[in-house]
$ cat upload_18.pdb   # PDB, C-alpha atoms, pLDDT in the B column
ATOM      1  CA  MET A   1      85.415 108.053  79.421  1.00 73.00           C
ATOM      2  CA  ALA A   2      87.331 105.061  78.133  1.00 73.00           C
ATOM      3  CA  LYS A   3      85.620 102.230  76.359  1.00 86.00           C
ATOM      4  CA  GLU A   4      84.688  99.291  78.545  1.00 89.00           C
ATOM      5  CA  SER A   5      86.728  97.014  76.270  1.00 90.00           C
ATOM      6  CA  MET A   6      89.893  98.980  77.087  1.00 90.00           C
ATOM      7  CA  LYS A   7      89.256  98.644  80.810  1.00 89.00           C
ATOM      8  CA  ALA A   8      88.564  94.932  80.396  1.00 92.00           C
ATOM      9  CA  ARG A   9      91.761  94.479  78.395  1.00 93.00           C
ATOM     10  CA  GLU A  10      93.827  95.952  81.222  1.00 92.00           C
ATOM     11  CA  VAL A  11      92.120  93.684  83.769  1.00 93.00           C
ATOM     12  CA  LYS A  12      92.853  90.691  81.551  1.00 95.00           C
ATOM     13  CA  ARG A  13      96.517  91.707  81.241  1.00 96.00           C
ATOM     14  CA  ALA A  14      96.817  92.061  85.019  1.00 95.00           C
ATOM     15  CA  LYS A  15      95.364  88.576  85.565  1.00 96.00           C
ATOM     16  CA  LEU A  16      97.674  87.014  82.963  1.00 96.00           C
ATOM     17  CA  ALA A  17     100.713  88.765  84.430  1.00 96.00           C
ATOM     18  CA  ALA A  18      99.843  87.448  87.888  1.00 97.00           C
ATOM     19  CA  LYS A  19      99.229  83.951  86.540  1.00 97.00           C
ATOM     20  CA  TYR A  20     102.600  83.704  84.786  1.00 97.00           C
ATOM     21  CA  ALA A  21     104.667  85.677  87.327  1.00 96.00           C
ATOM     22  CA  GLY A  22     105.970  82.466  88.902  1.00 96.00           C
ATOM     23  CA  LYS A  23     107.128  81.052  85.573  1.00 96.00           C
ATOM     24  CA  ARG A  24     108.859  84.311  84.655  1.00 96.00           C
ATOM     25  CA  GLU A  25     110.640  84.373  88.021  1.00 96.00           C
ATOM     26  CA  ALA A  26     111.700  80.742  87.629  1.00 96.00           C
ATOM     27  CA  ILE A  27     113.245  81.518  84.242  1.00 96.00           C
ATOM     28  CA  ALA A  28     115.017  84.569  85.698  1.00 96.00           C
ATOM     29  CA  ASP A  29     116.365  82.516  88.626  1.00 96.00           C
ATOM     30  CA  ARG A  30     117.662  79.812  86.303  1.00 96.00           C
ATOM     31  CA  LEU A  31     119.362  82.482  84.209  1.00 95.00           C
ATOM     32  CA  LYS A  32     120.986  84.092  87.270  1.00 95.00           C
ATOM     33  CA  LYS A  33     122.242  80.722  88.504  1.00 94.00           C
ATOM     34  CA  GLY A  34     123.788  79.999  85.123  1.00 93.00           C
ATOM     35  CA  GLU A  35     121.677  76.920  84.386  1.00 94.00           C
ATOM     36  CA  ILE A  36     120.558  78.425  81.066  1.00 93.00           C
ATOM     37  CA  ASP A  37     122.002  81.087  78.789  1.00 93.00           C
ATOM     38  CA  HIS A  38     120.260  84.161  77.422  1.00 95.00           C
ATOM     39  CA  ALA A  39     119.179  82.517  74.171  1.00 95.00           C
ATOM     40  CA  GLU A  40     117.436  79.707  76.037  1.00 95.00           C
ATOM     41  CA  ALA A  41     115.797  82.182  78.409  1.00 96.00           C
ATOM     42  CA  TRP A  42     114.462  84.195  75.466  1.00 96.00           C
ATOM     43  CA  ALA A  43     113.128  81.021  73.886  1.00 96.00           C
ATOM     44  CA  LEU A  44     111.317  80.066  77.110  1.00 95.00           C
ATOM     45  CA  LEU A  45     109.899  83.559  77.514  1.00 95.00           C
ATOM     46  CA  ALA A  46     108.715  83.551  73.895  1.00 95.00           C
ATOM     47  CA  LYS A  47     106.495  80.561  74.680  1.00 96.00           C
ATOM     48  CA  LEU A  48     104.555  82.563  77.276  1.00 95.00           C
ATOM     49  CA  PRO A  49     101.597  84.704  76.158  1.00 95.00           C
ATOM     50  CA  ARG A  50     102.543  88.192  75.079  1.00 94.00           C
ATOM     51  CA  ASN A  51     100.160  89.865  77.528  1.00 94.00           C
ATOM     52  CA  ALA A  52     101.690  87.894  80.411  1.00 94.00           C
ATOM     53  CA  ASN A  53     104.527  90.427  80.477  1.00 95.00           C
ATOM     54  CA  PRO A  54     103.838  93.041  83.187  1.00 94.00           C
ATOM     55  CA  ILE A  55     105.472  95.721  81.006  1.00 95.00           C
ATOM     56  CA  ARG A  56     102.431  95.617  78.715  1.00 94.00           C
ATOM     57  CA  GLN A  57     100.114  96.858  81.450  1.00 93.00           C
ATOM     58  CA  HIS A  58      99.130 100.508  81.396  1.00 93.00           C
ATOM     59  CA  ASN A  59      97.921 102.507  84.386  1.00 93.00           C
ATOM     60  CA  ARG A  60      94.360 103.772  84.003  1.00 93.00           C
ATOM     61  CA  CYS A  61      92.062 105.902  86.122  1.00 93.00           C
ATOM     62  CA  SER A  62      89.936 103.632  88.288  1.00 89.00           C
ATOM     63  CA  LEU A  63      86.860 105.828  87.757  1.00 91.00           C
ATOM     64  CA  THR A  64      86.984 106.836  84.095  1.00 91.00           C
ATOM     65  CA  GLY A  65      89.636 104.583  82.558  1.00 91.00           C
ATOM     66  CA  ARG A  66      91.628 107.565  81.277  1.00 92.00           C
ATOM     67  CA  PRO A  67      95.171 106.399  80.370  1.00 92.00           C
ATOM     68  CA  LYS A  68      96.911 109.788  80.523  1.00 94.00           C
ATOM     69  CA  GLY A  69      97.425 112.072  83.495  1.00 95.00           C
ATOM     70  CA  TYR A  70      97.337 109.142  85.938  1.00 95.00           C
ATOM     71  CA  MET A  71      98.345 109.808  89.549  1.00 95.00           C
ATOM     72  CA  ARG A  72      99.804 106.636  91.064  1.00 94.00           C
ATOM     73  CA  ILE A  73      99.357 107.640  94.679  1.00 93.00           C
ATOM     74  CA  PHE A  74      95.600 108.054  94.312  1.00 93.00           C
ATOM     75  CA  GLY A  75      94.847 105.703  91.392  1.00 93.00           C
ATOM     76  CA  VAL A  76      92.852 108.301  89.459  1.00 95.00           C
ATOM     77  CA  SER A  77      93.504 110.764  86.646  1.00 96.00           C
ATOM     78  CA  ARG A  78      94.413 114.383  87.290  1.00 95.00           C
ATOM     79  CA  ILE A  79      90.928 115.502  86.294  1.00 95.00           C
ATOM     80  CA  GLN A  80      89.161 113.176  88.721  1.00 95.00           C
ATOM     81  CA  PHE A  81      91.702 114.045  91.408  1.00 95.00           C
ATOM     82  CA  ARG A  82      90.918 117.747  91.058  1.00 93.00           C
ATOM     83  CA  GLU A  83      87.166 117.169  91.202  1.00 93.00           C
ATOM     84  CA  MET A  84      87.445 114.876  94.218  1.00 93.00           C
ATOM     85  CA  ALA A  85      89.779 117.287  96.017  1.00 92.00           C
ATOM     86  CA  SER A  86      87.432 120.199  95.408  1.00 90.00           C
ATOM     87  CA  GLN A  87      84.538 118.201  96.845  1.00 91.00           C
ATOM     88  CA  GLY A  88      86.619 117.195  99.868  1.00 90.00           C
ATOM     89  CA  LEU A  89      86.551 113.482  99.066  1.00 92.00           C
ATOM     90  CA  ILE A  90      90.321 112.988  99.490  1.00 91.00           C
ATOM     91  CA  PRO A  91      91.459 113.207 103.121  1.00 91.00           C
ATOM     92  CA  GLY A  92      94.289 115.669 103.741  1.00 90.00           C
ATOM     93  CA  ILE A  93      94.001 117.350 100.347  1.00 88.00           C
ATOM     94  CA  ARG A  94      92.531 120.781  99.869  1.00 80.00           C
ATOM     95  CA  LYS A  95      92.760 123.524  97.296  1.00 78.00           C
ATOM     96  CA  ALA A  96      95.659 125.855  97.792  1.00 80.00           C
ATOM     97  CA  SER A  97      94.910 129.503  98.504  1.00 78.00           C
ATOM     98  CA  TRP A  98      97.132 132.304  99.745  1.00 79.00           C
TER      99      TRP A  98
END
$ encode --input "upload_18.pdb" --output "C-alpha cells"
Amino acid sequence: MAKESMKAREVKRAKLAAKYAGKREAIADRLKKGEIDHAEAWALLAKLPRNANPIRQHNRCSLTGRPKGYMRIFGVSRIQFREMASQGLIPGIRKASW
C-alpha cells in the first residue's frame, strides 16, 4: 500500500498539469507558427511550475497506489487485477483454464 502522501502528490500533479495545459499549448502554437524561437519557448516553459508538466505524472493503482505493474485499461495494478478477476468483479474477464 502506497503512502497517502504519494497518492496526494500525484493528484496535485494532475491538477497542476490540467491548470497549465492551456498555457503550454499556447507556447507550442506560437512556436509552430514561428512567432518565437526555441530559446524563447524554453524560457517561457521554465517560468511554469515544474509539476505542471504532464510528463512528471506517474500512473498508480487506483485502489492501492502501487506505481509498478499498472494496467492502463483497468486502472489498477496487476495484483489487484488478478484478485478482482478471480472474484468476478471485472466483466468479461475470467481465469483461463484448459
$ resolve_selection --input "upload_18.pdb" --expression "the PyMOL selection byres ((chain A and resi 24) around 10)" --output "PDB file with C-alpha atoms, in the coordinates of the input"
ATOM      1  CA  ALA A  17     100.713  88.765  84.430  1.00 96.00           C
ATOM      2  CA  LYS A  19      99.229  83.951  86.540  1.00 97.00           C
ATOM      3  CA  TYR A  20     102.600  83.704  84.786  1.00 97.00           C
ATOM      4  CA  ALA A  21     104.667  85.677  87.327  1.00 96.00           C
ATOM      5  CA  GLY A  22     105.970  82.466  88.902  1.00 96.00           C
ATOM      6  CA  LYS A  23     107.128  81.052  85.573  1.00 96.00           C
ATOM      7  CA  GLU A  25     110.640  84.373  88.021  1.00 96.00           C
ATOM      8  CA  ALA A  26     111.700  80.742  87.629  1.00 96.00           C
ATOM      9  CA  ILE A  27     113.245  81.518  84.242  1.00 96.00           C
ATOM     10  CA  ALA A  28     115.017  84.569  85.698  1.00 96.00           C
ATOM     11  CA  ASP A  29     116.365  82.516  88.626  1.00 96.00           C
ATOM     12  CA  ALA A  41     115.797  82.182  78.409  1.00 96.00           C
ATOM     13  CA  LEU A  44     111.317  80.066  77.110  1.00 95.00           C
ATOM     14  CA  LEU A  45     109.899  83.559  77.514  1.00 95.00           C
ATOM     15  CA  LEU A  48     104.555  82.563  77.276  1.00 95.00           C
ATOM     16  CA  ALA A  52     101.690  87.894  80.411  1.00 94.00           C
ATOM     17  CA  ASN A  53     104.527  90.427  80.477  1.00 95.00           C
TER      18      ASN A  53
END
$ resolve_selection --input "upload_18.pdb" --expression "the PyMOL selection byres ((chain A and resi 10) around 12)" --output "list in words"
Ala2, Lys3, Glu4, Ser5, Met6, Lys7, Ala8, Arg9, Val11, Lys12, Arg13, Ala14, Lys15, Leu16, Ala17, Asn51, Ala52, Pro54, Ile55, Arg56, Gln57, His58, Asn59, Arg60, Cys61, Ser62, Gly65, Arg66 and Pro67 of chain A
$ atom_distance --input "upload_18.pdb" --atom1 "CA of Arg78 in chain A" --atom2 "CA of Arg94 in chain A"
14.2 Å
$ residues_around --input "upload_18.pdb" --residues "Leu89 in chain A" --least-positions-apart "6" --cutoff "12 Å" --atoms "all atoms listed in the file" --output "list in words"
Phe74, Gln80, Phe81, Arg82, Glu83 and Lys95 of chain A
$ write_last_selection --input "upload_18.pdb" --atoms "C-alpha atoms" --output "short mmCIF file (atom, residue, chain, number, x, y, z; two decimals), in the frame of the given file"
data_model
loop_
_atom_site.label_atom_id
_atom_site.label_comp_id
_atom_site.auth_asym_id
_atom_site.auth_seq_id
_atom_site.Cartn_x
_atom_site.Cartn_y
_atom_site.Cartn_z
CA PHE A 74 95.60 108.05 94.31
CA GLN A 80 89.16 113.18 88.72
CA PHE A 81 91.70 114.04 91.41
CA ARG A 82 90.92 117.75 91.06
CA GLU A 83 87.17 117.17 91.20
CA LYS A 95 92.76 123.52 97.30
#
$ atom_distance --input "upload_18.pdb" --atom1 "CA of Trp98 in chain A" --atom2 "CA of Met84 in chain A"
20.7 Å
